[in-house]
Amino acid sequence: MDILRHILRDPGGLIGSLLLLLLVFTGLFGSFIIPYPESAYETVIWDASLPPSSLHWFGTDSLGRDVFSRVVLGSSLILRVCVTTTVCAAIIGVPLGLIAGYSAGLLRSAIMRVTDTFLALPQLVLALSFAAVLSPSIQTAIIALSLSYWPMFTRVVYGETRRIRSLPFIDALEAFGATRFRIVWWHILPNVAPVIIVRATIGFGVSILAASALGFMGLGATPPQPEWGLMVAESRGDLPFGWWQALFPGLAIFFTVVAFNFVGDAARDGIDPTLRRSDRNG
């Protein structure tokens with residue numbers, strides 16, 4: 001709750017929260033508020049490439065589909081991708097970080113060397129490599145992004161676990177005979193949870209950007225799905241005259257990623273205010 005209060009008090013966090021509330025609203029109720037649900041997927045060739053107007057707020061694409069309706073419906077798709085990706089990556093990365101942070105010797109070295117190997121390559125390069133061996137689909141994007149993002153969780157959880165592991169209360173628990181599982185599950189994990197929340201919040205934005213890149217390159221969503229990156233890719237043939245076809249899905253990607261970054265930064269400052277002071281001094 002302290003983190004939430006800090007996010008709402010921070011100007012950037014408040015703006016990001018409002019944008020995310022709008023994203024969630026359109027993701028949940030988009031199919032009920034769009035003006036042309038039938039033309040979001042179906043070709044209406046006589047309405048092709050119409051500019052923004054009172055009838056089509058964001059114009060239409062080269063197939064006559066209403067861009068506004070597709071952008072709104074795309075929010076539901078992108079939410080499913082980013083939430084599923086982040087949760088799957090956390091399921092893989094958090095336990096590995098806890099194990100490596102609490103244990104010692106060969107097990108810790110093995111986990112962290114594998115993690116460092118994945119971290120040595122950009123996430124998008126890894127995601128492209130995984131997606132290239134699978135058939136293009138939303139499920140492929142989720143799998144590729146999950147397999148490329150889990151090291152981020154492992155690294156931050158490992159560092160925080162090592163810090164908590166050195167505190168006196170952990171030594172006291174071990175002296176009283178508490179099992180490793182009990183110490184890690186009931187005492188270390190709750191203290192690591194704020195860091196996990198911050199990483200997950202930032203991970204949502206990263207996943208959206210990467211998923212859009214996969215869609216743009218033809219390795220993620222497939223037509224006629226209203227995925228923002230795919231919409232930008234499909235609009236390339238009509239540029240620069242059909243600028244609205246790329247502008248509005250591009251703005252949707254931009255504002256969503258910025259919103260998650262604002263919320264993530266505010267949450268980070270709420271956990272450790274010294275980070276904010278060091279940023280200002282630096």
# chains A, B, ... in the order shown; residues from 1 in each chain; ligands from 1
call {"tool": "closest_atom_pairs", "arguments": {"of": "range 22-121 of chain A", "to": "range 230-251 of chain A", "cutoff": "12 Å", "atoms": "only C-alpha atoms", "output": "tab-separated table"}}
result
residue	atom	partner	partner_atom	distance
A:Ala40	CA	A:Met231	CA	11.7
A:Tyr41	CA	A:Met231	CA	11.8
A:Ala48	CA	A:Gly242	CA	10.2
A:Ser49	CA	A:Gly242	CA	6.6
A:Leu50	CA	A:Gly242	CA	8.3
A:Pro51	CA	A:Trp244	CA	7.1
A:Pro52	CA	A:Trp244	CA	7.4
A:Ser53	CA	A:Trp244	CA	11.2
A:His56	CA	A:Trp244	CA	11.1
A:Trp57	CA	A:Trp244	CA	10.0
A:Phe58	CA	A:Trp244	CA	6.6
A:Gly59	CA	A:Trp244	CA	6.7
A:Thr60	CA	A:Gln245	CA	7.0
A:Asp61	CA	A:Gln245	CA	5.8
A:Ser62	CA	A:Asp238	CA	7.3
A:Leu63	CA	A:Glu234	CA	10.0
A:Gly64	CA	A:Gln245	CA	10.8
A:Arg65	CA	A:Gln245	CA	10.2
A:Asp66	CA	A:Gln245	CA	9.6
A:Val67	CA	A:Gln245	CA	6.8
A:Phe68	CA	A:Phe248	CA	8.0
A:Ser69	CA	A:Pro249	CA	10.9
A:Arg70	CA	A:Met231	CA	8.6
A:Val71	CA	A:Pro249	CA	6.0
A:Val72	CA	A:Pro249	CA	9.3
A:Leu73	CA	A:Pro249	CA	11.0
A:Gly74	CA	A:Pro249	CA	8.7
A:Ser75	CA	A:Pro249	CA	9.9
A:Leu77	CA	A:Leu230	CA	11.8
A:Ile78	CA	A:Leu230	CA	11.5
call {"tool": "residues_around", "arguments": {"residues": "range 167-173 of chain A", "least_positions_apart": "3", "cutoff": "9 Å", "atoms": "only C-alpha atoms", "output": "CSV table (one decimal) with C-alpha atoms, in the first residue's frame"}}
result
chain,number,residue,atom,x,y,z
A,163,ARG,CA,21.4,-8.8,0.8
A,164,ILE,CA,18.6,-10.2,3.0
A,176,PHE,CA,16.4,-22.0,15.8
A,177,GLY,CA,16.3,-24.8,13.2
A,178,ALA,CA,14.0,-23.3,10.6
A,179,THR,CA,14.2,-25.2,7.3
A,183,ILE,CA,13.1,-19.2,5.5
A,187,HIS,CA,10.8,-14.6,5.3
A,188,ILE,CA,12.9,-13.8,2.2
call {"tool": "select_by_dssp", "arguments": {"residues": "range 21-219 of chain A", "states": "helix (DSSP H, G or I)", "output": "compact mmCIF listing (two decimals) with N, CA and C atoms, in the first residue's frame"}}
result
# COMPACT_ATOMS: atom_id res chain seq x y z
N LEU A 21 -5.18 2.81 -16.49
CA LEU A 21 -6.61 2.58 -16.25
C LEU A 21 -7.40 2.66 -17.55
N LEU A 22 -7.03 3.62 -18.41
CA LEU A 22 -7.68 3.71 -19.72
C LEU A 22 -7.39 2.48 -20.55
N LEU A 23 -6.15 1.99 -20.49
CA LEU A 23 -5.78 0.78 -21.24
C LEU A 23 -6.58 -0.43 -20.76
N VAL A 24 -6.68 -0.58 -19.45
CA VAL A 24 -7.43 -1.71 -18.90
C VAL A 24 -8.91 -1.60 -19.26
N PHE A 25 -9.45 -0.38 -19.19
CA PHE A 25 -10.87 -0.19 -19.53
C PHE A 25 -11.14 -0.58 -20.98
N THR A 26 -10.30 -0.09 -21.90
CA THR A 26 -10.51 -0.44 -23.30
C THR A 26 -10.24 -1.92 -23.55
N GLY A 27 -9.30 -2.50 -22.78
CA GLY A 27 -9.03 -3.92 -22.94
C GLY A 27 -10.19 -4.79 -22.51
N LEU A 28 -10.89 -4.36 -21.45
CA LEU A 28 -12.01 -5.15 -20.92
C LEU A 28 -13.31 -4.89 -21.66
N PHE A 29 -13.53 -3.63 -22.03
CA PHE A 29 -14.84 -3.26 -22.58
C PHE A 29 -14.75 -2.71 -24.00
N GLY A 30 -13.60 -2.90 -24.64
CA GLY A 30 -13.41 -2.34 -25.98
C GLY A 30 -14.43 -2.82 -26.99
N SER A 31 -14.79 -4.09 -26.91
CA SER A 31 -15.73 -4.63 -27.90
C SER A 31 -17.11 -4.02 -27.78
N PHE A 32 -17.41 -3.38 -26.63
CA PHE A 32 -18.73 -2.77 -26.43
C PHE A 32 -18.76 -1.29 -26.81
N ILE A 33 -17.58 -0.66 -26.95
CA ILE A 33 -17.55 0.78 -27.18
C ILE A 33 -17.10 1.16 -28.58
N PRO A 37 -17.76 -2.56 -34.97
CA PRO A 37 -17.19 -3.88 -34.64
C PRO A 37 -17.10 -4.80 -35.85
N GLU A 38 -18.01 -4.64 -36.82
CA GLU A 38 -17.99 -5.54 -37.97
C GLU A 38 -16.83 -5.22 -38.91
N SER A 39 -16.36 -3.96 -38.93
CA SER A 39 -15.27 -3.60 -39.84
C SER A 39 -13.91 -3.62 -39.17
N ILE A 45 -13.90 -2.77 -48.83
CA ILE A 45 -13.00 -2.19 -49.83
C ILE A 45 -13.43 -0.80 -50.27
N TRP A 46 -14.75 -0.50 -50.24
CA TRP A 46 -15.21 0.82 -50.68
C TRP A 46 -14.89 1.92 -49.65
N ASP A 47 -14.47 1.52 -48.44
CA ASP A 47 -14.05 2.48 -47.42
C ASP A 47 -12.54 2.51 -47.24
N VAL A 67 -9.69 2.02 -38.17
CA VAL A 67 -8.46 2.00 -37.39
C VAL A 67 -8.74 2.19 -35.91
N PHE A 68 -9.67 3.07 -35.56
CA PHE A 68 -10.00 3.29 -34.14
C PHE A 68 -10.48 1.99 -33.50
N SER A 69 -11.37 1.28 -34.16
CA SER A 69 -11.88 0.02 -33.62
C SER A 69 -10.75 -0.99 -33.44
N ARG A 70 -9.83 -1.03 -34.37
CA ARG A 70 -8.73 -1.99 -34.29
C ARG A 70 -7.74 -1.61 -33.21
N VAL A 71 -7.49 -0.31 -33.02
CA VAL A 71 -6.59 0.11 -31.95
C VAL A 71 -7.18 -0.23 -30.59
N VAL A 72 -8.49 0.01 -30.43
CA VAL A 72 -9.15 -0.30 -29.16
C VAL A 72 -9.13 -1.80 -28.90
N LEU A 73 -9.47 -2.59 -29.89
CA LEU A 73 -9.45 -4.05 -29.71
C LEU A 73 -8.03 -4.56 -29.48
N GLY A 74 -7.05 -3.87 -30.05
CA GLY A 74 -5.66 -4.28 -29.85
C GLY A 74 -5.20 -4.15 -28.42
N SER A 75 -5.84 -3.27 -27.63
CA SER A 75 -5.44 -3.12 -26.23
C SER A 75 -5.71 -4.40 -25.45
N SER A 76 -6.78 -5.10 -25.76
CA SER A 76 -7.05 -6.37 -25.08
C SER A 76 -6.00 -7.40 -25.43
N LEU A 77 -5.61 -7.43 -26.71
CA LEU A 77 -4.60 -8.39 -27.16
C LEU A 77 -3.25 -8.11 -26.52
N ILE A 78 -2.86 -6.84 -26.49
CA ILE A 78 -1.55 -6.49 -25.96
C ILE A 78 -1.51 -6.69 -24.46
N LEU A 79 -2.62 -6.47 -23.76
CA LEU A 79 -2.66 -6.73 -22.32
C LEU A 79 -2.46 -8.22 -22.04
N ARG A 80 -3.11 -9.05 -22.83
CA ARG A 80 -2.95 -10.50 -22.62
C ARG A 80 -1.51 -10.92 -22.84
N VAL A 81 -0.87 -10.35 -23.85
CA VAL A 81 0.52 -10.71 -24.14
C VAL A 81 1.45 -10.27 -23.01
N CYS A 82 1.34 -9.00 -22.59
CA CYS A 82 2.30 -8.48 -21.61
C CYS A 82 2.10 -9.10 -20.24
N VAL A 83 0.85 -9.31 -19.82
CA VAL A 83 0.60 -9.91 -18.51
C VAL A 83 1.06 -11.37 -18.49
N THR A 84 0.69 -12.13 -19.51
CA THR A 84 1.08 -13.54 -19.57
C THR A 84 2.59 -13.69 -19.65
N THR A 85 3.23 -12.85 -20.46
CA THR A 85 4.68 -12.91 -20.60
C THR A 85 5.37 -12.62 -19.29
N THR A 86 4.95 -11.55 -18.61
CA THR A 86 5.60 -11.16 -17.36
C THR A 86 5.38 -12.20 -16.27
N VAL A 87 4.18 -12.74 -16.19
CA VAL A 87 3.90 -13.76 -15.18
C VAL A 87 4.73 -15.02 -15.43
N CYS A 88 4.79 -15.45 -16.68
CA CYS A 88 5.58 -16.65 -17.01
C CYS A 88 7.06 -16.42 -16.73
N ALA A 89 7.56 -15.24 -17.09
CA ALA A 89 8.97 -14.94 -16.84
C ALA A 89 9.25 -14.90 -15.34
N ALA A 90 8.31 -14.38 -14.55
CA ALA A 90 8.49 -14.34 -13.10
C ALA A 90 8.46 -15.75 -12.51
N ILE A 91 7.60 -16.59 -13.02
CA ILE A 91 7.52 -17.97 -12.53
C ILE A 91 8.84 -18.70 -12.74
N ILE A 92 9.52 -18.40 -13.84
CA ILE A 92 10.82 -19.01 -14.10
C ILE A 92 11.93 -18.32 -13.31
N GLY A 93 11.97 -16.99 -13.38
CA GLY A 93 13.11 -16.24 -12.87
C GLY A 93 13.15 -16.06 -11.36
N VAL A 94 11.99 -15.86 -10.72
CA VAL A 94 11.99 -15.60 -9.28
C VAL A 94 12.50 -16.80 -8.47
N PRO A 95 11.99 -18.02 -8.70
CA PRO A 95 12.54 -19.15 -7.95
C PRO A 95 14.03 -19.36 -8.17
N LEU A 96 14.49 -19.17 -9.40
CA LEU A 96 15.91 -19.33 -9.67
C LEU A 96 16.73 -18.28 -8.91
N GLY A 97 16.23 -17.05 -8.87
CA GLY A 97 16.93 -16.01 -8.12
C GLY A 97 16.96 -16.28 -6.63
N LEU A 98 15.87 -16.81 -6.08
CA LEU A 98 15.83 -17.15 -4.66
C LEU A 98 16.80 -18.29 -4.34
N ILE A 99 16.79 -19.30 -5.19
CA ILE A 99 17.68 -20.45 -4.96
C ILE A 99 19.14 -20.03 -5.04
N ALA A 100 19.46 -19.26 -6.09
CA ALA A 100 20.86 -18.83 -6.26
C ALA A 100 21.29 -17.88 -5.15
N GLY A 101 20.37 -17.02 -4.71
CA GLY A 101 20.73 -16.05 -3.68
C GLY A 101 20.91 -16.66 -2.30
N TYR A 102 20.17 -17.72 -2.01
CA TYR A 102 20.26 -18.32 -0.68
C TYR A 102 21.31 -19.43 -0.61
N LEU A 106 28.34 -24.70 -6.26
CA LEU A 106 28.15 -25.01 -7.67
C LEU A 106 26.76 -24.64 -8.16
N LEU A 107 25.73 -24.84 -7.34
CA LEU A 107 24.35 -24.56 -7.77
C LEU A 107 24.18 -23.07 -8.06
N ARG A 108 24.65 -22.22 -7.17
CA ARG A 108 24.54 -20.79 -7.39
C ARG A 108 25.34 -20.37 -8.63
N SER A 109 26.54 -20.89 -8.77
CA SER A 109 27.36 -20.53 -9.92
C SER A 109 26.71 -20.96 -11.23
N ALA A 110 26.12 -22.15 -11.25
CA ALA A 110 25.50 -22.64 -12.47
C ALA A 110 24.31 -21.76 -12.87
N ILE A 111 23.46 -21.43 -11.90
CA ILE A 111 22.29 -20.61 -12.20
C ILE A 111 22.70 -19.24 -12.70
N MET A 112 23.65 -18.62 -12.05
CA MET A 112 24.03 -17.25 -12.41
C MET A 112 24.83 -17.20 -13.71
N ARG A 113 25.59 -18.25 -14.02
CA ARG A 113 26.31 -18.25 -15.29
C ARG A 113 25.33 -18.37 -16.45
N VAL A 114 24.32 -19.21 -16.31
CA VAL A 114 23.30 -19.31 -17.36
C VAL A 114 22.55 -17.99 -17.49
N THR A 115 22.23 -17.39 -16.35
CA THR A 115 21.54 -16.09 -16.36
C THR A 115 22.38 -15.03 -17.05
N ASP A 116 23.65 -14.97 -16.72
CA ASP A 116 24.55 -13.98 -17.34
C ASP A 116 24.68 -14.21 -18.84
N THR A 117 24.64 -15.48 -19.25
CA THR A 117 24.72 -15.78 -20.69
C THR A 117 23.52 -15.21 -21.42
N PHE A 118 22.32 -15.36 -20.84
CA PHE A 118 21.12 -14.80 -21.46
C PHE A 118 21.16 -13.28 -21.44
N LEU A 119 21.65 -12.71 -20.33
CA LEU A 119 21.70 -11.25 -20.21
C LEU A 119 22.73 -10.61 -21.14
N GLN A 123 17.35 -8.52 -25.23
CA GLN A 123 16.16 -9.34 -25.13
C GLN A 123 15.48 -9.54 -26.47
N LEU A 124 15.43 -8.49 -27.27
CA LEU A 124 14.75 -8.61 -28.56
C LEU A 124 15.46 -9.60 -29.48
N VAL A 125 16.79 -9.64 -29.42
CA VAL A 125 17.55 -10.60 -30.23
C VAL A 125 17.21 -12.03 -29.80
N LEU A 126 17.15 -12.25 -28.48
CA LEU A 126 16.78 -13.57 -27.98
C LEU A 126 15.36 -13.93 -28.38
N ALA A 127 14.45 -12.97 -28.23
CA ALA A 127 13.05 -13.23 -28.59
C ALA A 127 12.92 -13.56 -30.07
N LEU A 128 13.65 -12.84 -30.92
CA LEU A 128 13.61 -13.13 -32.35
C LEU A 128 14.15 -14.53 -32.65
N SER A 129 15.19 -14.92 -31.92
CA SER A 129 15.78 -16.25 -32.13
C SER A 129 14.79 -17.34 -31.76
N PHE A 130 14.11 -17.18 -30.62
CA PHE A 130 13.12 -18.18 -30.21
C PHE A 130 11.92 -18.19 -31.14
N ALA A 131 11.46 -16.98 -31.54
CA ALA A 131 10.27 -16.90 -32.39
C ALA A 131 10.53 -17.44 -33.78
N ALA A 132 11.78 -17.35 -34.25
CA ALA A 132 12.10 -17.78 -35.61
C ALA A 132 11.93 -19.28 -35.81
N ILE A 138 0.34 -15.32 -31.64
CA ILE A 138 0.42 -14.66 -30.35
C ILE A 138 1.08 -15.58 -29.33
N GLN A 139 0.77 -16.88 -29.38
CA GLN A 139 1.38 -17.82 -28.46
C GLN A 139 2.89 -17.88 -28.65
N THR A 140 3.34 -17.79 -29.90
CA THR A 140 4.77 -17.77 -30.17
C THR A 140 5.42 -16.55 -29.55
N ALA A 141 4.78 -15.39 -29.68
CA ALA A 141 5.31 -14.16 -29.08
C ALA A 141 5.41 -14.30 -27.56
N ILE A 142 4.40 -14.88 -26.93
CA ILE A 142 4.40 -15.04 -25.47
C ILE A 142 5.54 -15.96 -25.03
N ILE A 143 5.69 -17.09 -25.73
CA ILE A 143 6.75 -18.04 -25.38
C ILE A 143 8.12 -17.41 -25.57
N ALA A 144 8.32 -16.75 -26.71
CA ALA A 144 9.63 -16.16 -27.01
C ALA A 144 9.98 -15.07 -26.01
N LEU A 145 9.02 -14.22 -25.67
CA LEU A 145 9.29 -13.14 -24.74
C LEU A 145 9.51 -13.66 -23.32
N SER A 146 8.77 -14.68 -22.93
CA SER A 146 8.95 -15.26 -21.59
C SER A 146 10.33 -15.87 -21.44
N LEU A 147 10.77 -16.60 -22.45
CA LEU A 147 12.08 -17.25 -22.40
C LEU A 147 13.23 -16.26 -22.45
N SER A 148 12.95 -15.06 -22.94
CA SER A 148 14.02 -14.06 -23.03
C SER A 148 14.01 -13.06 -21.88
N TYR A 149 12.93 -13.02 -21.08
CA TYR A 149 12.83 -12.01 -20.04
C TYR A 149 13.10 -12.54 -18.63
N TRP A 150 13.03 -13.87 -18.43
CA TRP A 150 13.18 -14.39 -17.07
C TRP A 150 14.52 -14.03 -16.42
N PRO A 151 15.65 -13.87 -17.17
CA PRO A 151 16.90 -13.52 -16.49
C PRO A 151 16.84 -12.18 -15.75
N MET A 152 15.99 -11.26 -16.20
CA MET A 152 15.85 -9.98 -15.51
C MET A 152 15.35 -10.19 -14.09
N PHE A 153 14.36 -11.07 -13.94
CA PHE A 153 13.85 -11.39 -12.60
C PHE A 153 14.91 -12.10 -11.78
N THR A 154 15.60 -13.04 -12.40
CA THR A 154 16.60 -13.80 -11.66
C THR A 154 17.69 -12.90 -11.11
N ARG A 155 18.16 -11.96 -11.91
CA ARG A 155 19.25 -11.09 -11.49
C ARG A 155 18.85 -10.19 -10.33
N VAL A 156 17.68 -9.53 -10.42
CA VAL A 156 17.29 -8.61 -9.35
C VAL A 156 16.92 -9.36 -8.08
N VAL A 157 16.27 -10.51 -8.22
CA VAL A 157 15.91 -11.31 -7.03
C VAL A 157 17.15 -11.88 -6.38
N TYR A 158 18.11 -12.30 -7.18
CA TYR A 158 19.37 -12.82 -6.64
C TYR A 158 20.07 -11.76 -5.79
N GLY A 159 20.20 -10.55 -6.31
CA GLY A 159 20.89 -9.50 -5.57
C GLY A 159 20.18 -9.14 -4.28
N GLU A 160 18.86 -9.05 -4.31
CA GLU A 160 18.11 -8.71 -3.10
C GLU A 160 18.13 -9.85 -2.09
N THR A 161 18.08 -11.08 -2.59
CA THR A 161 18.14 -12.24 -1.69
C THR A 161 19.48 -12.32 -0.98
N ARG A 162 20.56 -12.03 -1.71
CA ARG A 162 21.88 -12.02 -1.08
C ARG A 162 21.97 -10.96 0.01
N ARG A 163 21.34 -9.83 -0.22
CA ARG A 163 21.37 -8.77 0.80
C ARG A 163 20.60 -9.20 2.05
N ILE A 164 19.40 -9.75 1.84
CA ILE A 164 18.59 -10.19 2.99
C ILE A 164 19.23 -11.38 3.68
N ARG A 165 19.88 -12.24 2.90
CA ARG A 165 20.53 -13.43 3.46
C ARG A 165 21.59 -13.06 4.50
N PRO A 168 20.92 -10.25 10.24
CA PRO A 168 20.99 -11.09 11.44
C PRO A 168 19.77 -11.97 11.68
N PHE A 169 18.58 -11.53 11.27
CA PHE A 169 17.40 -12.33 11.58
C PHE A 169 17.40 -13.66 10.82
N ILE A 170 18.08 -13.72 9.67
CA ILE A 170 18.19 -14.99 8.95
C ILE A 170 19.08 -15.95 9.74
N ASP A 171 20.17 -15.45 10.30
CA ASP A 171 21.04 -16.28 11.13
C ASP A 171 20.29 -16.80 12.34
N ALA A 172 19.43 -15.94 12.90
CA ALA A 172 18.65 -16.36 14.06
C ALA A 172 17.66 -17.47 13.69
N LEU A 173 17.03 -17.35 12.54
CA LEU A 173 16.10 -18.38 12.10
C LEU A 173 16.82 -19.71 11.88
N GLU A 174 18.01 -19.65 11.28
CA GLU A 174 18.77 -20.88 11.09
C GLU A 174 19.20 -21.49 12.41
N ALA A 175 19.54 -20.65 13.38
CA ALA A 175 19.95 -21.15 14.69
C ALA A 175 18.80 -21.84 15.40
N ARG A 180 15.26 -24.48 5.24
CA ARG A 180 15.56 -23.54 4.15
C ARG A 180 14.30 -23.11 3.42
N PHE A 181 13.42 -24.07 3.17
CA PHE A 181 12.18 -23.74 2.47
C PHE A 181 11.38 -22.71 3.25
N ARG A 182 11.26 -22.89 4.55
CA ARG A 182 10.48 -21.97 5.37
C ARG A 182 11.13 -20.58 5.38
N ILE A 183 12.44 -20.54 5.48
CA ILE A 183 13.13 -19.24 5.49
C ILE A 183 12.93 -18.52 4.17
N VAL A 184 13.12 -19.24 3.08
CA VAL A 184 13.01 -18.61 1.76
C VAL A 184 11.57 -18.21 1.48
N TRP A 185 10.61 -19.08 1.75
CA TRP A 185 9.22 -18.84 1.38
C TRP A 185 8.53 -17.81 2.28
N TRP A 186 8.77 -17.91 3.59
CA TRP A 186 8.02 -17.09 4.54
C TRP A 186 8.76 -15.83 4.99
N HIS A 187 10.06 -15.76 4.76
CA HIS A 187 10.80 -14.61 5.29
C HIS A 187 11.57 -13.84 4.20
N ILE A 188 12.18 -14.55 3.27
CA ILE A 188 12.93 -13.84 2.23
C ILE A 188 12.01 -13.35 1.11
N LEU A 189 11.13 -14.23 0.62
CA LEU A 189 10.26 -13.86 -0.50
C LEU A 189 9.40 -12.62 -0.20
N PRO A 190 8.76 -12.50 0.98
CA PRO A 190 8.00 -11.27 1.24
C PRO A 190 8.85 -10.01 1.21
N ASN A 191 10.11 -10.10 1.62
CA ASN A 191 10.98 -8.94 1.59
C ASN A 191 11.48 -8.62 0.18
N VAL A 192 11.48 -9.64 -0.67
CA VAL A 192 11.91 -9.45 -2.06
C VAL A 192 10.74 -8.99 -2.93
N ALA A 193 9.51 -9.18 -2.46
CA ALA A 193 8.32 -8.91 -3.27
C ALA A 193 8.29 -7.50 -3.86
N PRO A 194 8.63 -6.43 -3.11
CA PRO A 194 8.60 -5.09 -3.73
C PRO A 194 9.49 -4.97 -4.96
N VAL A 195 10.66 -5.58 -4.92
CA VAL A 195 11.56 -5.54 -6.07
C VAL A 195 10.95 -6.29 -7.25
N ILE A 196 10.28 -7.40 -6.95
CA ILE A 196 9.62 -8.17 -8.01
C ILE A 196 8.51 -7.35 -8.65
N ILE A 197 7.76 -6.61 -7.84
CA ILE A 197 6.68 -5.78 -8.35
C ILE A 197 7.22 -4.71 -9.30
N VAL A 198 8.30 -4.06 -8.90
CA VAL A 198 8.90 -3.03 -9.74
C VAL A 198 9.37 -3.63 -11.07
N ARG A 199 10.07 -4.75 -10.99
CA ARG A 199 10.57 -5.39 -12.21
C ARG A 199 9.42 -5.83 -13.10
N ALA A 200 8.33 -6.33 -12.50
CA ALA A 200 7.17 -6.75 -13.29
C ALA A 200 6.53 -5.55 -13.97
N THR A 201 6.42 -4.43 -13.26
CA THR A 201 5.82 -3.23 -13.85
C THR A 201 6.62 -2.75 -15.05
N ILE A 202 7.93 -2.71 -14.89
CA ILE A 202 8.78 -2.33 -16.03
C ILE A 202 8.71 -3.39 -17.13
N GLY A 203 8.60 -4.65 -16.71
CA GLY A 203 8.53 -5.74 -17.68
C GLY A 203 7.30 -5.67 -18.57
N PHE A 204 6.18 -5.12 -18.05
CA PHE A 204 4.99 -4.97 -18.88
C PHE A 204 5.30 -4.08 -20.08
N GLY A 205 5.95 -2.93 -19.82
CA GLY A 205 6.29 -2.04 -20.92
C GLY A 205 7.27 -2.65 -21.89
N VAL A 206 8.28 -3.33 -21.36
CA VAL A 206 9.27 -3.98 -22.22
C VAL A 206 8.61 -5.05 -23.09
N SER A 207 7.70 -5.81 -22.50
CA SER A 207 7.02 -6.88 -23.24
C SER A 207 6.15 -6.31 -24.35
N ILE A 208 5.47 -5.20 -24.07
CA ILE A 208 4.63 -4.58 -25.11
C ILE A 208 5.49 -4.13 -26.28
N LEU A 209 6.60 -3.48 -25.98
CA LEU A 209 7.49 -3.01 -27.04
C LEU A 209 8.05 -4.17 -27.85
N ALA A 210 8.49 -5.22 -27.16
CA ALA A 210 9.05 -6.38 -27.85
C ALA A 210 7.99 -7.13 -28.65
N ALA A 211 6.79 -7.27 -28.07
CA ALA A 211 5.71 -7.95 -28.78
C ALA A 211 5.32 -7.19 -30.04
N SER A 212 5.30 -5.86 -29.94
CA SER A 212 5.00 -5.05 -31.12
C SER A 212 6.08 -5.20 -32.18
N ALA A 213 7.33 -5.30 -31.74
CA ALA A 213 8.42 -5.51 -32.69
C ALA A 213 8.30 -6.86 -33.39
N LEU A 214 7.92 -7.90 -32.63
CA LEU A 214 7.73 -9.21 -33.25
C LEU A 214 6.58 -9.18 -34.25
N GLY A 215 5.49 -8.49 -33.87
CA GLY A 215 4.37 -8.36 -34.79
C GLY A 215 4.75 -7.61 -36.04
N PHE A 216 5.56 -6.56 -35.89
CA PHE A 216 6.00 -5.76 -37.03
C PHE A 216 6.84 -6.60 -37.99
call {"tool": "atom_distance", "arguments": {"atom1": "CA of Pro122 in chain A", "atom2": "CA of Gly264 in chain A"}}
result
20.3 Å
call {"tool": "atom_distance", "arguments": {"atom1": "CA of Glu227 in chain A", "atom2": "CA of Pro136 in chain A"}}
result
12.9 Å
call {"tool": "atom_distance", "arguments": {"atom1": "CA of Gly13 in chain A", "atom2": "CA of Val257 in chain A"}}
result
12.8 Å
call {"tool": "closest_residue", "arguments": {"among": "A:Asn261, A:Ser166, A:Ser137, A:Thr256", "to": "Gly218 in chain A", "atoms": "only C-alpha atoms"}}
result
A:Ser137
call {"tool": "closest_residue", "arguments": {"among": "A:Asp265, A:Trp228, A:Leu14, A:Pro35", "to": "Ala252 in chain A", "atoms": "only C-alpha atoms"}}
result
A:Trp228
